[in-house]
There are 2 protein chains.
Amino acid sequence: MRISAAESLVMEVLWRDGPQTAEDVAAAVGPDQSWTVATVKTLLNRLLTKKAVSAERIGRRYLYAPQIARADYVREESQGLIDRLFDGRLAPLVSHFAEAKQLSPEDIAELKKLIEELDDGR
Amino acid sequence: MRISAAESLVMEVLWRDGPQTAEDVAAAVGPDQSWTVATVKTLLNRLLTKKAVSAERIGRRYLYAPQIARADYVREESQGLIDRLFDGRLAPLVSHFAEAKQLSPEDIAELKKLIEELDDGR
DNA sequence: CGCCGACGTTTACAGGCGTAATCGTCCGAT
DNA sequence: ATCGGACGATTACGCCTGTAAACGTCGGCG
């Protein structure tokens, strides 16, 4: 099931800080988004029905924990974008960023190093 | 203004095949999506109000033409994803694909060539 | 032992989206 | 001059999303 933009912000804090209560999530994400606690609770509940998080009762409260791996989510999102916009291939994306002058020398160096490592591994 | 997923499919055919009528768009995109002509017309009209396409009257019909460049759209979408998932940097995305074993030797070769060209240009 | 308050659950509601049918108009063929 | 059909414009409608308030329950303090 699809995770929406707002929901993904909640997932991000669960991934980053681990299992926590609705209050904690609200404290972590609320300021940026200026969401009320109620909003965070709604999002957590939607994520629950989507089985994207689990809830373990700890006394009066629940601890919410991610049920899907961030890597999986990231892969799906990235693959989707690359499929939609770049014919499923990664190189054109990199190329696009290069043409749009969106790459700093540091970026280029970093990429170079990365690719060389990949190539060595081969 | 935001271009939705369905709308972007319409934009893609306008970008690919140039200005054309609603019928043409429907013929180009309809089969894949199994949309009726009515649906395509709705999407074109929404794109019109979003100023993403223009309409030039040719006799009885309109020719719809893109009003935003594909490169701009692509940049926004890509940048958005990279900002949301990879802290705004491109290398981690590439790295992620590598780790997910989503890169073929051809991909690696292509990237290598690309990066070397970029590096030369520097 | 009863009540209050903290939680989770349920309900709300406007706007966007996907998908389409219906309406109104105007061109072109009789 | 008329009428039907082809187009765009308008209207429809249910689902998802963002954002949140209202409701109900249960545990702990007094």
# chains A, B, ... in the order shown; residues from 1 in each chain; ligands from 1
>>> interface_residues(of="chain C", to="chain A", cutoff="10 Å", atoms="only C-alpha atoms (C1' of nucleotides)", output="PyMOL selection string")
chain C and resi 6-9
>>> select_by_dssp(residues="chain B", states="alpha helix (DSSP H)", output="count of residues only")
82
>>> interface_residues(of="chain A", to="chain B", cutoff="10 Å", atoms="only C-alpha atoms", output="PyMOL selection string")
chain A and resi 5+8-9+12+70-75+77-79+81-82+84-86+89-100+102-103+105+107-116+118-119+122
>>> calpha_fit_and_write(fixed="chain A", moving="chain B", output="mmCIF file with N, CA and C atoms, in the first residue's frame")
data_model
loop_
_atom_site.group_PDB
_atom_site.id
_atom_site.type_symbol
_atom_site.label_atom_id
_atom_site.label_comp_id
_atom_site.auth_asym_id
_atom_site.auth_seq_id
_atom_site.Cartn_x
_atom_site.Cartn_y
_atom_site.Cartn_z
ATOM 1 N N MET B 1 0.762 -1.148 0.016
ATOM 2 C CA MET B 1 -0.084 0.063 -0.001
ATOM 3 C C MET B 1 0.808 1.306 0.000
ATOM 4 N N ARG B 2 0.321 2.271 -0.662
ATOM 5 C CA ARG B 2 1.042 3.530 -0.860
ATOM 6 C C ARG B 2 1.192 4.352 0.434
ATOM 7 N N ILE B 3 2.384 4.874 0.651
ATOM 8 C CA ILE B 3 2.627 5.776 1.779
ATOM 9 C C ILE B 3 2.629 7.208 1.261
ATOM 10 N N SER B 4 1.771 8.031 1.822
ATOM 11 C CA SER B 4 1.649 9.406 1.326
ATOM 12 C C SER B 4 2.801 10.267 1.830
ATOM 13 N N ALA B 5 2.853 11.485 1.320
ATOM 14 C CA ALA B 5 3.940 12.401 1.677
ATOM 15 C C ALA B 5 3.965 12.690 3.179
ATOM 16 N N ALA B 6 2.793 13.042 3.720
ATOM 17 C CA ALA B 6 2.737 13.352 5.140
ATOM 18 C C ALA B 6 3.110 12.121 5.968
ATOM 19 N N GLU B 7 2.584 10.994 5.551
ATOM 20 C CA GLU B 7 2.894 9.758 6.271
ATOM 21 C C GLU B 7 4.390 9.456 6.250
ATOM 22 N N SER B 8 5.013 9.752 5.145
ATOM 23 C CA SER B 8 6.439 9.426 5.033
ATOM 24 C C SER B 8 7.275 10.245 6.014
ATOM 25 N N LEU B 9 6.802 11.432 6.353
ATOM 26 C CA LEU B 9 7.533 12.224 7.342
ATOM 27 C C LEU B 9 7.499 11.536 8.700
ATOM 28 N N VAL B 10 6.353 10.925 8.992
ATOM 29 C CA VAL B 10 6.240 10.165 10.238
ATOM 30 C C VAL B 10 7.169 8.951 10.191
ATOM 31 N N MET B 11 7.148 8.272 9.076
ATOM 32 C CA MET B 11 8.030 7.104 8.933
ATOM 33 C C MET B 11 9.485 7.514 9.129
ATOM 34 N N GLU B 12 9.847 8.637 8.576
ATOM 35 C CA GLU B 12 11.244 9.070 8.679
ATOM 36 C C GLU B 12 11.684 9.183 10.134
ATOM 37 N N VAL B 13 10.823 9.742 10.980
ATOM 38 C CA VAL B 13 11.279 9.868 12.363
ATOM 39 C C VAL B 13 11.299 8.506 13.048
ATOM 40 N N LEU B 14 10.384 7.625 12.673
ATOM 41 C CA LEU B 14 10.438 6.281 13.255
ATOM 42 C C LEU B 14 11.707 5.561 12.808
ATOM 43 N N TRP B 15 12.059 5.742 11.566
ATOM 44 C CA TRP B 15 13.279 5.103 11.070
ATOM 45 C C TRP B 15 14.503 5.702 11.760
ATOM 46 N N ARG B 16 14.482 6.986 11.925
ATOM 47 C CA ARG B 16 15.661 7.663 12.486
ATOM 48 C C ARG B 16 15.823 7.378 13.980
ATOM 49 N N ASP B 17 14.729 7.510 14.736
ATOM 50 C CA ASP B 17 14.841 7.443 16.194
ATOM 51 C C ASP B 17 14.309 6.160 16.790
ATOM 52 N N GLY B 18 13.841 5.234 15.972
ATOM 53 C CA GLY B 18 13.351 3.976 16.489
ATOM 54 C C GLY B 18 11.954 4.077 17.075
ATOM 55 N N PRO B 19 11.468 2.944 17.643
ATOM 56 C CA PRO B 19 10.117 2.873 18.178
ATOM 57 C C PRO B 19 9.878 3.962 19.215
ATOM 58 N N GLN B 20 8.719 4.564 19.177
ATOM 59 C CA GLN B 20 8.405 5.639 20.105
ATOM 60 C C GLN B 20 6.912 5.895 20.134
ATOM 61 N N THR B 21 6.504 6.717 21.076
ATOM 62 C CA THR B 21 5.081 7.003 21.236
ATOM 63 C C THR B 21 4.647 8.095 20.260
ATOM 64 N N ALA B 22 3.330 8.247 20.184
ATOM 65 C CA ALA B 22 2.769 9.280 19.314
ATOM 66 C C ALA B 22 3.268 10.664 19.735
ATOM 67 N N GLU B 23 3.360 10.854 21.038
ATOM 68 C CA GLU B 23 3.852 12.136 21.554
ATOM 69 C C GLU B 23 5.263 12.413 21.063
ATOM 70 N N ASP B 24 6.089 11.388 21.127
ATOM 71 C CA ASP B 24 7.475 11.546 20.693
ATOM 72 C C ASP B 24 7.538 11.931 19.222
ATOM 73 N N VAL B 25 6.764 11.209 18.439
ATOM 74 C CA VAL B 25 6.754 11.516 17.004
ATOM 75 C C VAL B 25 6.318 12.958 16.796
ATOM 76 N N ALA B 26 5.269 13.339 17.487
ATOM 77 C CA ALA B 26 4.768 14.702 17.345
ATOM 78 C C ALA B 26 5.854 15.714 17.720
ATOM 79 N N ALA B 27 6.556 15.406 18.784
ATOM 80 C CA ALA B 27 7.615 16.316 19.221
ATOM 81 C C ALA B 27 8.723 16.405 18.178
ATOM 82 N N ALA B 28 8.976 15.277 17.525
ATOM 83 C CA ALA B 28 10.072 15.247 16.560
ATOM 84 C C ALA B 28 9.699 15.907 15.237
ATOM 85 N N VAL B 29 8.469 15.714 14.829
ATOM 86 C CA VAL B 29 8.086 16.176 13.505
ATOM 87 C C VAL B 29 7.179 17.402 13.557
ATOM 88 N N GLY B 30 6.475 17.549 14.667
ATOM 89 C CA GLY B 30 5.511 18.624 14.781
ATOM 90 C C GLY B 30 6.059 20.013 14.486
ATOM 91 N N PRO B 31 7.152 20.388 15.106
ATOM 92 C CA PRO B 31 7.684 21.736 14.927
ATOM 93 C C PRO B 31 7.858 22.116 13.454
ATOM 94 N N ASP B 32 8.527 21.260 12.713
ATOM 95 C CA ASP B 32 8.735 21.550 11.289
ATOM 96 C C ASP B 32 7.410 21.725 10.558
ATOM 97 N N GLN B 33 6.518 20.759 10.819
ATOM 98 C CA GLN B 33 5.284 20.725 10.050
ATOM 99 C C GLN B 33 4.177 21.560 10.677
ATOM 100 N N SER B 34 4.418 21.978 11.895
ATOM 101 C CA SER B 34 3.371 22.639 12.677
ATOM 102 C C SER B 34 2.088 21.815 12.642
ATOM 103 N N TRP B 35 2.266 20.549 12.964
ATOM 104 C CA TRP B 35 1.128 19.663 13.114
ATOM 105 C C TRP B 35 0.764 19.592 14.587
ATOM 106 N N THR B 36 -0.512 19.377 14.857
ATOM 107 C CA THR B 36 -0.909 19.113 16.230
ATOM 108 C C THR B 36 -0.700 17.619 16.498
ATOM 109 N N VAL B 37 -0.768 17.269 17.772
ATOM 110 C CA VAL B 37 -0.628 15.865 18.127
ATOM 111 C C VAL B 37 -1.722 15.035 17.456
ATOM 112 N N ALA B 38 -2.895 15.616 17.359
ATOM 113 C CA ALA B 38 -4.010 14.896 16.747
ATOM 114 C C ALA B 38 -3.670 14.468 15.324
ATOM 115 N N THR B 39 -3.060 15.351 14.604
ATOM 116 C CA THR B 39 -2.693 15.036 13.215
ATOM 117 C C THR B 39 -1.711 13.877 13.171
ATOM 118 N N VAL B 40 -0.729 13.930 14.028
ATOM 119 C CA VAL B 40 0.254 12.838 14.059
ATOM 120 C C VAL B 40 -0.430 11.517 14.377
ATOM 121 N N LYS B 41 -1.369 11.552 15.307
ATOM 122 C CA LYS B 41 -2.075 10.316 15.663
ATOM 123 C C LYS B 41 -2.867 9.775 14.482
ATOM 124 N N THR B 42 -3.489 10.655 13.762
ATOM 125 C CA THR B 42 -4.210 10.207 12.560
ATOM 126 C C THR B 42 -3.263 9.514 11.602
ATOM 127 N N LEU B 43 -2.124 10.134 11.362
ATOM 128 C CA LEU B 43 -1.176 9.559 10.410
ATOM 129 C C LEU B 43 -0.677 8.208 10.905
ATOM 130 N N LEU B 44 -0.395 8.124 12.200
ATOM 131 C CA LEU B 44 0.053 6.851 12.750
ATOM 132 C C LEU B 44 -1.016 5.781 12.577
ATOM 133 N N ASN B 45 -2.257 6.158 12.779
ATOM 134 C CA ASN B 45 -3.318 5.170 12.610
ATOM 135 C C ASN B 45 -3.466 4.726 11.159
ATOM 136 N N ARG B 46 -3.339 5.652 10.267
ATOM 137 C CA ARG B 46 -3.402 5.254 8.848
ATOM 138 C C ARG B 46 -2.240 4.339 8.498
ATOM 139 N N LEU B 47 -1.089 4.640 9.035
ATOM 140 C CA LEU B 47 0.066 3.780 8.786
ATOM 141 C C LEU B 47 -0.155 2.395 9.394
ATOM 142 N N LEU B 48 -0.854 2.373 10.510
ATOM 143 C CA LEU B 48 -1.180 1.091 11.140
ATOM 144 C C LEU B 48 -2.053 0.246 10.224
ATOM 145 N N THR B 49 -3.123 0.859 9.713
ATOM 146 C CA THR B 49 -4.016 0.072 8.851
ATOM 147 C C THR B 49 -3.303 -0.332 7.569
ATOM 148 N N LYS B 50 -2.312 0.441 7.186
ATOM 149 C CA LYS B 50 -1.528 0.072 6.008
ATOM 150 C C LYS B 50 -0.447 -0.937 6.353
ATOM 151 N N LYS B 51 -0.379 -1.305 7.623
ATOM 152 C CA LYS B 51 0.640 -2.248 8.085
ATOM 153 C C LYS B 51 2.060 -1.728 7.862
ATOM 154 N N ALA B 52 2.203 -0.433 7.834
ATOM 155 C CA ALA B 52 3.539 0.146 7.637
ATOM 156 C C ALA B 52 4.234 0.340 8.973
ATOM 157 N N VAL B 53 3.435 0.398 10.034
ATOM 158 C CA VAL B 53 4.005 0.439 11.381
ATOM 159 C C VAL B 53 3.256 -0.562 12.250
ATOM 160 N N SER B 54 3.884 -0.951 13.352
ATOM 161 C CA SER B 54 3.216 -1.782 14.340
ATOM 162 C C SER B 54 3.089 -0.965 15.616
ATOM 163 N N ALA B 55 2.209 -1.421 16.505
ATOM 164 C CA ALA B 55 2.005 -0.719 17.762
ATOM 165 C C ALA B 55 2.079 -1.731 18.899
ATOM 166 N N GLU B 56 2.999 -1.503 19.809
ATOM 167 C CA GLU B 56 3.107 -2.387 20.963
ATOM 168 C C GLU B 56 2.668 -1.628 22.194
ATOM 169 N N ARG B 57 1.707 -2.184 22.895
ATOM 170 C CA ARG B 57 1.171 -1.495 24.064
ATOM 171 C C ARG B 57 2.170 -1.538 25.206
ATOM 172 N N ILE B 58 2.453 -0.363 25.725
ATOM 173 C CA ILE B 58 3.326 -0.269 26.897
ATOM 174 C C ILE B 58 2.536 0.492 27.935
ATOM 175 N N GLY B 59 1.855 -0.279 28.801
ATOM 176 C CA GLY B 59 0.999 0.361 29.789
ATOM 177 C C GLY B 59 -0.122 1.119 29.103
ATOM 178 N N ARG B 60 -0.135 2.380 29.358
ATOM 179 C CA ARG B 60 -1.198 3.238 28.858
ATOM 180 C C ARG B 60 -1.025 3.598 27.380
ATOM 181 N N ARG B 61 0.203 3.469 26.902
ATOM 182 C CA ARG B 61 0.513 3.990 25.567
ATOM 183 C C ARG B 61 0.915 2.900 24.600
ATOM 184 N N TYR B 62 1.196 3.345 23.393
ATOM 185 C CA TYR B 62 1.736 2.441 22.394
ATOM 186 C C TYR B 62 3.100 2.932 21.949
ATOM 187 N N LEU B 63 3.947 1.964 21.659
ATOM 188 C CA LEU B 63 5.173 2.297 20.959
ATOM 189 C C LEU B 63 4.967 1.909 19.504
ATOM 190 N N TYR B 64 5.161 2.862 18.644
ATOM 191 C CA TYR B 64 5.014 2.606 17.210
ATOM 192 C C TYR B 64 6.380 2.292 16.618
ATOM 193 N N ALA B 65 6.407 1.270 15.806
ATOM 194 C CA ALA B 65 7.676 0.858 15.197
ATOM 195 C C ALA B 65 7.466 0.615 13.705
ATOM 196 N N PRO B 66 8.440 0.957 12.902
ATOM 197 C CA PRO B 66 8.332 0.736 11.456
ATOM 198 C C PRO B 66 8.197 -0.749 11.156
ATOM 199 N N GLN B 67 7.363 -1.079 10.202
ATOM 200 C CA GLN B 67 7.219 -2.467 9.781
ATOM 201 C C GLN B 67 7.759 -2.688 8.378
ATOM 202 N N ILE B 68 8.153 -1.603 7.750
ATOM 203 C CA ILE B 68 8.805 -1.761 6.458
ATOM 204 C C ILE B 68 10.158 -1.092 6.552
ATOM 205 N N ALA B 69 11.107 -1.613 5.793
ATOM 206 C CA ALA B 69 12.477 -1.082 5.858
ATOM 207 C C ALA B 69 12.579 0.184 5.025
ATOM 208 N N ARG B 70 13.318 1.121 5.541
ATOM 209 C CA ARG B 70 13.500 2.363 4.799
ATOM 210 C C ARG B 70 14.104 2.073 3.427
ATOM 211 N N ALA B 71 15.031 1.150 3.401
ATOM 212 C CA ALA B 71 15.687 0.841 2.122
ATOM 213 C C ALA B 71 14.658 0.396 1.077
ATOM 214 N N ASP B 72 13.666 -0.376 1.529
ATOM 215 C CA ASP B 72 12.640 -0.825 0.584
ATOM 216 C C ASP B 72 11.823 0.356 0.078
ATOM 217 N N TYR B 73 11.429 1.191 1.010
ATOM 218 C CA TYR B 73 10.654 2.372 0.640
ATOM 219 C C TYR B 73 11.440 3.238 -0.337
ATOM 220 N N VAL B 74 12.678 3.488 0.003
ATOM 221 C CA VAL B 74 13.536 4.324 -0.835
ATOM 222 C C VAL B 74 13.700 3.715 -2.217
ATOM 223 N N ARG B 75 13.880 2.416 -2.248
ATOM 224 C CA ARG B 75 14.061 1.773 -3.540
ATOM 225 C C ARG B 75 12.826 1.923 -4.408
ATOM 226 N N GLU B 76 11.666 1.687 -3.804
ATOM 227 C CA GLU B 76 10.437 1.824 -4.583
ATOM 228 C C GLU B 76 10.254 3.233 -5.129
ATOM 229 N N GLU B 77 10.460 4.193 -4.258
ATOM 230 C CA GLU B 77 10.278 5.582 -4.684
ATOM 231 C C GLU B 77 11.259 5.948 -5.793
ATOM 232 N N SER B 78 12.505 5.572 -5.604
ATOM 233 C CA SER B 78 13.533 5.938 -6.578
ATOM 234 C C SER B 78 13.282 5.231 -7.893
ATOM 235 N N GLN B 79 12.997 3.947 -7.782
ATOM 236 C CA GLN B 79 12.753 3.186 -8.996
ATOM 237 C C GLN B 79 11.571 3.762 -9.756
ATOM 238 N N GLY B 80 10.548 4.141 -9.014
ATOM 239 C CA GLY B 80 9.376 4.726 -9.643
ATOM 240 C C GLY B 80 9.729 5.977 -10.422
ATOM 241 N N LEU B 81 10.471 6.852 -9.802
ATOM 242 C CA LEU B 81 10.851 8.087 -10.482
ATOM 243 C C LEU B 81 11.692 7.808 -11.711
ATOM 244 N N ILE B 82 12.645 6.915 -11.541
ATOM 245 C CA ILE B 82 13.539 6.614 -12.660
ATOM 246 C C ILE B 82 12.785 5.952 -13.804
ATOM 247 N N ASP B 83 11.842 5.108 -13.448
ATOM 248 C CA ASP B 83 11.030 4.484 -14.492
ATOM 249 C C ASP B 83 10.189 5.534 -15.223
ATOM 250 N N ARG B 84 9.570 6.400 -14.437
ATOM 251 C CA ARG B 84 8.670 7.383 -15.047
ATOM 252 C C ARG B 84 9.408 8.402 -15.900
ATOM 253 N N LEU B 85 10.555 8.834 -15.422
ATOM 254 C CA LEU B 85 11.195 9.986 -16.067
ATOM 255 C C LEU B 85 12.431 9.651 -16.879
ATOM 256 N N PHE B 86 13.069 8.535 -16.564
ATOM 257 C CA PHE B 86 14.353 8.278 -17.215
ATOM 258 C C PHE B 86 14.413 6.897 -17.847
ATOM 259 N N ASP B 87 13.245 6.410 -18.229
ATOM 260 C CA ASP B 87 13.220 5.161 -18.961
ATOM 261 C C ASP B 87 13.852 4.018 -18.164
ATOM 262 N N GLY B 88 13.778 4.126 -16.856
ATOM 263 C CA GLY B 88 14.266 3.034 -16.023
ATOM 264 C C GLY B 88 15.760 2.964 -15.819
ATOM 265 N N ARG B 89 16.490 3.903 -16.386
ATOM 266 C CA ARG B 89 17.940 3.827 -16.239
ATOM 267 C C ARG B 89 18.488 4.971 -15.392
ATOM 268 N N LEU B 90 19.523 4.666 -14.651
ATOM 269 C CA LEU B 90 20.059 5.623 -13.680
ATOM 270 C C LEU B 90 20.917 6.694 -14.353
ATOM 271 N N ALA B 91 21.700 6.279 -15.323
ATOM 272 C CA ALA B 91 22.654 7.215 -15.928
ATOM 273 C C ALA B 91 21.985 8.493 -16.454
ATOM 274 N N PRO B 92 20.858 8.382 -17.129
ATOM 275 C CA PRO B 92 20.228 9.611 -17.614
ATOM 276 C C PRO B 92 19.871 10.580 -16.493
ATOM 277 N N LEU B 93 19.548 10.052 -15.336
ATOM 278 C CA LEU B 93 19.252 10.939 -14.219
ATOM 279 C C LEU B 93 20.508 11.719 -13.845
ATOM 280 N N VAL B 94 21.588 11.003 -13.700
ATOM 281 C CA VAL B 94 22.845 11.663 -13.356
ATOM 282 C C VAL B 94 23.188 12.690 -14.431
ATOM 283 N N SER B 95 23.018 12.267 -15.641
ATOM 284 C CA SER B 95 23.296 13.154 -16.770
ATOM 285 C C SER B 95 22.437 14.415 -16.701
ATOM 286 N N HIS B 96 21.181 14.206 -16.373
ATOM 287 C CA HIS B 96 20.271 15.340 -16.272
ATOM 288 C C HIS B 96 20.747 16.344 -15.230
ATOM 289 N N PHE B 97 21.178 15.851 -14.094
ATOM 290 C CA PHE B 97 21.655 16.743 -13.044
ATOM 291 C C PHE B 97 22.901 17.483 -13.492
ATOM 292 N N ALA B 98 23.720 16.773 -14.214
ATOM 293 C CA ALA B 98 24.941 17.410 -14.706
ATOM 294 C C ALA B 98 24.582 18.562 -15.643
ATOM 295 N N GLU B 99 23.672 18.298 -16.569
ATOM 296 C CA GLU B 99 23.300 19.333 -17.527
ATOM 297 C C GLU B 99 22.635 20.520 -16.853
ATOM 298 N N ALA B 100 21.882 20.230 -15.820
ATOM 299 C CA ALA B 100 21.198 21.308 -15.119
ATOM 300 C C ALA B 100 22.167 22.034 -14.184
ATOM 301 N N LYS B 101 23.427 21.714 -14.324
ATOM 302 C CA LYS B 101 24.462 22.351 -13.508
ATOM 303 C C LYS B 101 24.140 22.252 -12.021
ATOM 304 N N GLN B 102 23.687 21.071 -11.670
ATOM 305 C CA GLN B 102 23.258 20.882 -10.292
ATOM 306 C C GLN B 102 24.315 20.091 -9.518
ATOM 307 N N LEU B 103 25.456 19.911 -10.166
ATOM 308 C CA LEU B 103 26.496 19.100 -9.538
ATOM 309 C C LEU B 103 27.711 19.956 -9.175
ATOM 310 N N SER B 104 28.069 19.931 -7.915
ATOM 311 C CA SER B 104 29.266 20.647 -7.477
ATOM 312 C C SER B 104 30.480 19.766 -7.744
ATOM 313 N N PRO B 105 31.663 20.357 -7.758
ATOM 314 C CA PRO B 105 32.882 19.555 -7.909
ATOM 315 C C PRO B 105 32.963 18.452 -6.863
ATOM 316 N N GLU B 106 32.489 18.748 -5.659
ATOM 317 C CA GLU B 106 32.511 17.720 -4.617
ATOM 318 C C GLU B 106 31.609 16.550 -5.014
ATOM 319 N N ASP B 107 30.450 16.895 -5.550
ATOM 320 C CA ASP B 107 29.537 15.845 -5.988
ATOM 321 C C ASP B 107 30.217 14.958 -7.015
ATOM 322 N N ILE B 108 30.871 15.612 -7.952
ATOM 323 C CA ILE B 108 31.515 14.847 -9.023
ATOM 324 C C ILE B 108 32.597 13.935 -8.453
ATOM 325 N N ALA B 109 33.378 14.498 -7.543
ATOM 326 C CA ALA B 109 34.449 13.695 -6.937
ATOM 327 C C ALA B 109 33.857 12.499 -6.205
ATOM 328 N N GLU B 110 32.786 12.761 -5.494
ATOM 329 C CA GLU B 110 32.147 11.706 -4.717
ATOM 330 C C GLU B 110 31.624 10.606 -5.640
ATOM 331 N N LEU B 111 30.995 11.027 -6.699
ATOM 332 C CA LEU B 111 30.461 10.056 -7.643
ATOM 333 C C LEU B 111 31.588 9.259 -8.282
ATOM 334 N N LYS B 112 32.654 9.967 -8.604
ATOM 335 C CA LYS B 112 33.775 9.303 -9.251
ATOM 336 C C LYS B 112 34.312 8.181 -8.358
ATOM 337 N N LYS B 113 34.517 8.545 -7.115
ATOM 338 C CA LYS B 113 35.037 7.572 -6.164
ATOM 339 C C LYS B 113 34.097 6.370 -6.073
ATOM 340 N N LEU B 114 32.823 6.677 -5.969
ATOM 341 C CA LEU B 114 31.808 5.640 -5.837
ATOM 342 C C LEU B 114 31.839 4.691 -7.031
ATOM 343 N N ILE B 115 31.866 5.248 -8.194
ATOM 344 C CA ILE B 115 31.826 4.421 -9.401
ATOM 345 C C ILE B 115 33.088 3.574 -9.517
ATOM 346 N N GLU B 116 34.189 4.182 -9.124
ATOM 347 C CA GLU B 116 35.428 3.406 -9.216
ATOM 348 C C GLU B 116 35.381 2.203 -8.286
ATOM 349 N N GLU B 117 34.842 2.422 -7.116
ATOM 350 C CA GLU B 117 34.713 1.293 -6.182
ATOM 351 C C GLU B 117 33.818 0.216 -6.767
ATOM 352 N N LEU B 118 32.734 0.644 -7.333
ATOM 353 C CA LEU B 118 31.812 -0.320 -7.936
ATOM 354 C C LEU B 118 32.519 -1.094 -9.034
ATOM 355 N N ASP B 119 33.275 -0.362 -9.811
ATOM 356 C CA ASP B 119 33.938 -0.977 -10.944
ATOM 357 C C ASP B 119 35.019 -1.948 -10.476
ATOM 358 N N ASP B 120 35.689 -1.582 -9.401
ATOM 359 C CA ASP B 120 36.686 -2.492 -8.835
ATOM 360 C C ASP B 120 36.040 -3.786 -8.372
ATOM 361 N N GLY B 121 34.977 -3.607 -7.659
ATOM 362 C CA GLY B 121 34.279 -4.776 -7.126
ATOM 363 C C GLY B 121 33.898 -5.751 -8.229
ATOM 364 N N ARG B 122 33.889 -5.310 -9.441
ATOM 365 C CA ARG B 122 33.527 -6.160 -10.566
ATOM 366 C C ARG B 122 34.669 -7.026 -11.063
#
>>> atom_distance(atom1="C1' of DC13 in chain C", atom2="C1' of DT17 in chain D")
11.6 Å
>>> select_by_dssp(residues="chain B", states="strand (DSSP E or B)", output="ChimeraX atom specification")
/B:20,53-58,61-66
>>> interface_residues(of="chain D", to="chain A", cutoff="8 Å", atoms="only C-alpha atoms (C1' of nucleotides)", output="MDAnalysis selection string")
chainID D and resid 17:20 27
>>> residues_around(residues="DT10 in chain D", least_positions_apart="6", cutoff="10 Å", atoms="only C-alpha atoms (C1' of nucleotides)", output="NGL selection string")
:C and (22-24)
>>> atom_distance(atom1="C1' of DA29 in chain C", atom2="C1' of DG4 in chain D")
9.4 Å
>>> atom_distance(atom1="C1' of DC23 in chain D", atom2="C1' of DC1 in chain C")
24.4 Å
>>> decode(residues="range 71-85 of chain A", atoms="N, CA and C atoms", output="PDB file, in the first residue's frame")
ATOM      1  N   ALA A  71      15.044   1.130   3.428  1.00  0.00           N
ATOM      2  CA  ALA A  71      15.695   0.814   2.151  1.00  0.00           C
ATOM      3  C   ALA A  71      14.662   0.373   1.109  1.00  0.00           C
ATOM      4  N   ASP A  72      13.676  -0.395   1.548  1.00  0.00           N
ATOM      5  CA  ASP A  72      12.652  -0.850   0.599  1.00  0.00           C
ATOM      6  C   ASP A  72      11.835   0.327   0.099  1.00  0.00           C
ATOM      7  N   TYR A  73      11.446   1.173   1.047  1.00  0.00           N
ATOM      8  CA  TYR A  73      10.670   2.352   0.665  1.00  0.00           C
ATOM      9  C   TYR A  73      11.463   3.210  -0.307  1.00  0.00           C
ATOM     10  N   VAL A  74      12.704   3.462   0.039  1.00  0.00           N
ATOM     11  CA  VAL A  74      13.553   4.294  -0.807  1.00  0.00           C
ATOM     12  C   VAL A  74      13.727   3.674  -2.191  1.00  0.00           C
ATOM     13  N   ARG A  75      13.905   2.385  -2.215  1.00  0.00           N
ATOM     14  CA  ARG A  75      14.092   1.733  -3.507  1.00  0.00           C
ATOM     15  C   ARG A  75      12.846   1.899  -4.377  1.00  0.00           C
ATOM     16  N   GLU A  76      11.691   1.663  -3.779  1.00  0.00           N
ATOM     17  CA  GLU A  76      10.457   1.801  -4.565  1.00  0.00           C
ATOM     18  C   GLU A  76      10.280   3.217  -5.104  1.00  0.00           C
ATOM     19  N   GLU A  77      10.487   4.188  -4.241  1.00  0.00           N
ATOM     20  CA  GLU A  77      10.315   5.579  -4.663  1.00  0.00           C
ATOM     21  C   GLU A  77      11.298   5.936  -5.773  1.00  0.00           C
ATOM     22  N   SER A  78      12.543   5.554  -5.571  1.00  0.00           N
ATOM     23  CA  SER A  78      13.575   5.911  -6.546  1.00  0.00           C
ATOM     24  C   SER A  78      13.316   5.212  -7.869  1.00  0.00           C
ATOM     25  N   GLN A  79      13.030   3.937  -7.750  1.00  0.00           N
ATOM     26  CA  GLN A  79      12.789   3.181  -8.979  1.00  0.00           C
ATOM     27  C   GLN A  79      11.605   3.770  -9.733  1.00  0.00           C
ATOM     28  N   GLY A  80      10.577   4.136  -8.991  1.00  0.00           N
ATOM     29  CA  GLY A  80       9.404   4.721  -9.624  1.00  0.00           C
ATOM     30  C   GLY A  80       9.762   5.976 -10.400  1.00  0.00           C
ATOM     31  N   LEU A  81      10.511   6.853  -9.765  1.00  0.00           N
ATOM     32  CA  LEU A  81      10.888   8.094 -10.439  1.00  0.00           C
ATOM     33  C   LEU A  81      11.742   7.816 -11.675  1.00  0.00           C
ATOM     34  N   ILE A  82      12.691   6.932 -11.518  1.00  0.00           N
ATOM     35  CA  ILE A  82      13.582   6.637 -12.644  1.00  0.00           C
ATOM     36  C   ILE A  82      12.822   5.975 -13.789  1.00  0.00           C
ATOM     37  N   ASP A  83      11.874   5.134 -13.434  1.00  0.00           N
ATOM     38  CA  ASP A  83      11.064   4.510 -14.484  1.00  0.00           C
ATOM     39  C   ASP A  83      10.220   5.558 -15.202  1.00  0.00           C
ATOM     40  N   ARG A  84       9.611   6.445 -14.408  1.00  0.00           N
ATOM     41  CA  ARG A  84       8.701   7.420 -15.012  1.00  0.00           C
ATOM     42  C   ARG A  84       9.441   8.437 -15.861  1.00  0.00           C
ATOM     43  N   LEU A  85      10.602   8.864 -15.378  1.00  0.00           N
ATOM     44  CA  LEU A  85      11.237  10.013 -16.025  1.00  0.00           C
ATOM     45  C   LEU A  85      12.472   9.680 -16.846  1.00  0.00           C
TER      46      LEU A  85
END
